[in-house]
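Next up, target17.txt (compact mmCIF, C-alpha atoms):
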```
# COMPACT_ATOMS: atom_id res chain seq x y z
CA MET A 1 86.10 -19.76 2.14
CA GLU A 2 86.89 -23.43 1.48
CA ALA A 3 90.19 -23.19 3.38
CA GLY A 4 88.28 -21.94 6.43
CA ARG A 5 85.93 -24.92 6.28
CA VAL A 6 88.82 -27.35 5.99
CA GLU A 7 90.52 -25.78 9.02
CA ALA A 8 87.26 -25.85 11.00
CA HIS A 9 86.83 -29.53 10.11
CA ARG A 10 90.41 -30.29 11.26
CA GLU A 11 89.81 -28.46 14.53
CA LEU A 12 86.57 -30.37 15.13
CA GLU A 13 88.23 -33.69 14.30
CA SER A 14 91.07 -32.94 16.72
CA HIS A 15 88.46 -32.51 19.47
CA LEU A 16 86.73 -35.77 18.57
CA SER A 17 89.98 -37.72 18.31
CA VAL A 18 90.92 -37.03 21.94
CA ALA A 19 88.79 -39.91 23.26
CA ARG A 20 90.32 -42.62 21.06
CA PRO A 21 93.68 -43.15 22.79
CA LEU A 22 92.38 -42.56 26.33
CA THR A 23 91.07 -45.37 28.50
CA LEU A 24 87.67 -44.98 30.13
CA ALA A 25 89.41 -44.33 33.47
CA GLN A 26 91.56 -41.58 31.91
CA ARG A 27 88.52 -40.01 30.25
CA LEU A 28 86.59 -40.03 33.53
CA LEU A 29 89.55 -38.59 35.43
CA PHE A 30 89.92 -35.79 32.88
CA TRP A 31 86.18 -35.13 32.91
CA SER A 32 86.23 -34.95 36.72
CA THR A 33 88.51 -31.91 36.51
CA ASN A 34 85.26 -29.99 35.89
CA LEU A 35 84.22 -30.64 39.52
CA PRO A 36 85.95 -27.48 40.86
CA TYR A 37 83.63 -25.39 38.66
CA TRP A 38 80.66 -27.02 40.40
CA ALA A 39 82.33 -26.39 43.78
CA LEU A 40 82.78 -22.74 42.79
CA LEU A 41 79.08 -22.58 41.92
CA ALA A 42 78.13 -23.98 45.33
CA ALA A 43 80.49 -21.61 47.17
CA VAL A 44 79.31 -18.52 45.31
CA CYS A 45 75.63 -19.37 45.71
CA LEU A 46 75.96 -20.29 49.39
CA ARG A 47 78.48 -17.66 50.53
CA GLY A 48 77.95 -14.94 47.98
CA ALA A 49 80.59 -12.97 46.15
CA ARG A 50 82.65 -10.34 47.90
CA PRO A 51 80.80 -7.00 47.77
CA ALA A 52 83.14 -5.32 45.28
CA MET A 53 82.34 -7.97 42.68
CA GLY A 54 78.68 -7.10 42.21
CA PRO A 55 75.54 -9.07 43.00
CA ALA A 56 75.93 -12.73 43.99
CA PRO A 57 73.08 -13.97 41.72
CA VAL A 58 75.07 -12.80 38.69
CA HIS A 59 77.98 -14.95 39.82
CA CYS A 60 75.70 -17.92 40.50
CA VAL A 61 74.38 -17.78 36.95
CA ALA A 62 77.84 -17.27 35.45
CA ALA A 63 79.43 -20.07 37.49
CA PHE A 64 76.54 -22.38 36.54
CA ALA A 65 77.03 -21.55 32.85
CA VAL A 66 80.77 -22.27 33.04
CA ALA A 67 80.32 -25.54 34.96
CA LEU A 68 77.51 -26.83 32.75
CA SER A 69 78.99 -25.83 29.39
CA SER A 70 82.41 -27.27 30.21
CA SER A 71 80.98 -30.49 31.66
CA LEU A 72 78.68 -31.06 28.69
CA PHE A 73 81.30 -30.23 26.07
CA HIS A 74 83.87 -32.56 27.59
CA MET A 75 81.29 -35.31 28.11
CA VAL A 76 80.63 -35.25 24.37
CA GLN A 77 84.29 -34.74 23.42
CA LEU A 78 85.29 -37.74 25.52
CA ARG A 79 82.34 -39.80 24.27
CA LEU A 80 81.03 -40.37 27.76
CA GLY A 81 77.37 -40.06 26.84
CA GLY A 82 76.87 -43.82 26.75
CA PRO A 83 78.77 -44.78 29.92
CA LEU A 84 77.29 -41.90 31.94
CA CYS A 85 73.76 -41.67 30.58
CA GLY A 86 73.10 -44.88 28.70
CA ARG A 87 71.00 -46.42 31.45
CA CYS A 88 69.03 -43.34 32.41
CA CYS A 89 68.32 -41.75 29.02
CA PRO A 90 66.72 -43.15 25.90
CA THR A 91 69.33 -43.86 23.24
CA ALA A 92 67.56 -41.55 20.81
CA CYS A 93 68.26 -38.49 22.96
CA LEU A 94 71.98 -39.29 23.00
CA LYS A 95 72.38 -39.71 19.23
CA HIS A 96 72.52 -36.00 18.47
CA LEU A 97 75.20 -35.37 21.11
CA GLY A 98 77.96 -36.84 18.98
CA THR A 99 77.16 -34.89 15.84
CA PRO A 100 79.61 -32.27 14.56
CA ALA A 101 76.91 -29.58 14.79
CA CYS A 102 76.26 -30.36 18.44
CA LEU A 103 79.95 -30.46 19.31
CA THR A 104 80.50 -27.15 17.53
CA ARG A 105 77.69 -25.53 19.55
CA LEU A 106 79.09 -26.96 22.78
CA ILE A 107 82.59 -25.64 21.98
CA VAL A 108 81.16 -22.18 21.32
CA ALA A 109 79.13 -22.32 24.55
CA ASP A 110 82.11 -23.51 26.60
CA VAL A 111 84.49 -20.85 25.26
CA SER A 112 81.86 -18.09 25.39
CA CYS A 113 80.86 -18.81 28.99
CA ALA A 114 84.45 -19.00 30.24
CA ALA A 115 85.65 -15.95 28.29
CA GLY A 116 82.54 -13.94 29.10
CA TYR A 117 82.81 -14.58 32.82
CA GLY A 118 86.52 -13.81 32.81
CA ALA A 119 85.90 -10.54 30.93
CA CYS A 120 83.20 -9.53 33.42
CA LEU A 121 85.52 -10.22 36.34
CA LEU A 122 88.23 -8.12 34.73
CA ALA A 123 85.72 -5.29 34.27
CA TRP A 124 84.81 -5.47 37.98
CA ASP A 125 88.39 -5.79 39.18
CA ALA A 126 91.22 -5.17 36.73
CA ALA A 127 93.78 -6.44 39.26
CA SER A 128 92.28 -9.93 38.87
CA VAL A 129 94.25 -10.26 35.64
CA LYS A 130 97.25 -11.56 37.62
CA TRP A 131 95.11 -14.51 38.80
CA LEU A 132 93.13 -15.14 35.63
CA LEU A 133 95.91 -15.04 33.02
CA PRO A 134 98.37 -17.70 34.28
CA PRO A 135 95.90 -20.61 33.88
CA LEU A 136 95.53 -19.59 30.22
CA LEU A 137 99.00 -21.02 29.58
CA PHE A 138 97.56 -24.48 30.24
CA LEU A 139 94.52 -23.78 28.07
CA PHE A 140 96.59 -22.71 25.08
CA GLY A 141 99.28 -25.34 25.71
CA GLY A 142 96.61 -28.02 25.85
CA ALA A 143 95.07 -26.81 22.60
CA PHE A 144 98.47 -27.02 20.93
CA LEU A 145 99.01 -30.55 22.24
CA ARG A 146 95.53 -31.61 21.11
CA ARG A 147 96.23 -30.38 17.59
CA GLN A 148 99.47 -32.39 17.63
CA GLY A 149 97.53 -35.55 18.46
CA GLN A 150 98.91 -35.77 22.01
CA ALA A 151 95.67 -36.80 23.74
CA VAL A 152 97.12 -37.72 27.13
CA ALA A 153 99.25 -34.56 27.33
CA TYR A 154 96.22 -32.52 26.23
CA ALA A 155 94.08 -34.11 28.95
CA VAL A 156 96.70 -33.27 31.59
CA ALA A 157 97.21 -29.68 30.41
CA HIS A 158 93.52 -28.96 29.89
CA GLY A 159 92.66 -30.64 33.19
CA LEU A 160 95.15 -28.31 34.87
CA TRP A 161 93.41 -25.40 33.12
CA HIS A 162 90.13 -26.50 34.72
CA LEU A 163 91.67 -26.80 38.19
CA LEU A 164 93.72 -23.60 38.07
CA SER A 165 91.04 -21.45 36.41
CA ALA A 166 88.44 -22.57 38.96
CA ALA A 167 90.89 -21.73 41.76
CA ALA A 168 91.58 -18.33 40.19
CA LEU A 169 87.86 -17.62 39.81
CA ALA A 170 87.29 -18.56 43.45
CA LYS A 171 90.19 -16.35 44.55
CA VAL A 172 88.90 -13.35 42.62
CA VAL A 173 85.18 -13.74 43.31
CA LEU A 174 85.25 -14.92 46.91
CA LEU A 175 88.47 -13.56 48.39
CA GLY A 176 89.68 -10.64 46.33
CA THR A 177 92.93 -9.89 44.54
CA PHE A 178 94.94 -8.72 47.52
CA GLU A 179 98.45 -10.09 47.85
CA VAL A 180 98.84 -13.40 49.68
```

Please go through the file and, once you have read it, give me the structure as structure tokens.
Amino acid sequence: MEAGRVEAHRELESHLSVARPLTLAQRLLFWSTNLPYWALLAAVCLRGARPAMGPAPVHCVAAFAVALSSSLFHMVQLRLGGPLCGRCCPTACLKHLGTPACLTRLIVADVSCAAGYGACLLAWDAASVKWLLPPLLFLFGGAFLRRQGQAVAYAVAHGLWHLLSAAALAKVVLLGTFEV
């Protein structure tokens, strides 16, 4: 049991250590790679999903959950709470954002929302696997780099995960999995 706690602590610390070597500009650039999730949300809610993918409101909720959970997690991971919210929010409401318990909950929410939505899409259209799996290489590669202390390489790889997974989600939900 103790070995599991030590490993969980190491994993959490590797998430928190990402912000240290990155400049504010690099952190903001990495954080901005969440924008395609918000664009997906807008497209799905305004255009609707293709009929074979089920009701559009389901996709609006799922896309919102992915965009919000990823944006919040990375805001905390990159320690952007102060620069982004310091003037509009009381300092007291930001204090809990940097705690290990909060970060752990945000990691779980981020992973659960992304994995849950991906699993639902696969259930609706199994052929979507060819679009949804390739971006995972950047997710797993980034995680490896983060654990090695390579913050800049992690930010690049994980940022590419955000961009490519949002594009894959848009392809599957809005256009279909037909060959291009």

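Distances here use only C-alpha atoms; by that measure, the residue among A:Pro51, A:His15, A:Leu169, A:Ala155 closest to A:Ala119 is A:Leu169.
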
Best match for closeness to A:Val108 among A:Leu12, A:Ala166, A:Leu80, A:Ala123, counting all atoms listed in the file: A:Leu12

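Considering the residues A:Leu136, A:Leu41, A:Val129, A:Ala101 and counting all atoms listed in the file, A:His158 has its shortest atom-to-atom contact with A:Leu136.
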
All residues 12 Å or closer to A:Ser128, all atoms listed in the file, same chain fewer than 5 positions away omitted, as a VMD selection string: chain A and resid 53 118 to 123 133 to 134 165 168 to 179

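Proximity of A:Leu68, A:Trp124, A:Phe30, A:Ser112 to A:Pro55, computed with all atoms listed in the file, is greatest for A:Trp124.
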
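Reported to one decimal place, the separation of atom CA of A:Pro21 from atom CA of A:Ala151 is 6.7 Å.
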
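Every protein or nucleic acid residue with an atom no more than 9 Å from A:Ala114, counting all atoms listed in the file and leaving out same-chain residues fewer than 4 positions away, appears here: Ala62, Ala63, Ala65, Val66, Ser69, Ser70, Ala109, Asp110, Gly118 and Ala119 of chain A.
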
For A:Ala115, the nearest of the candidates A:Ala25, A:Leu132, A:Ala19, A:Cys102, counting only C-alpha atoms: A:Leu132

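Distance check against A:Tyr154 using only C-alpha atoms: of A:Ala3, A:Leu139, A:Leu72, A:Ala56, the minimum falls on A:Leu139.
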
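If you look at atom CA of A:Leu160 and atom CA of A:Arg146, they are 14.2 Å away from each other.
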
Selection: 9 Å around A:Pro36, all atoms listed in the file, excl. self and same-chain fewer than 6 positions, as a PyMOL selection string: chain A and resi 67+162-163+166-167

Selection near A:Arg27, 12 Å with all atoms listed in the file, sequence-local residues under 6 positions removed, as an NGL selection string: :A and (18-21 or 33-34 or 74-81 or 83-84 or 151-152 or 154-156 or 159)
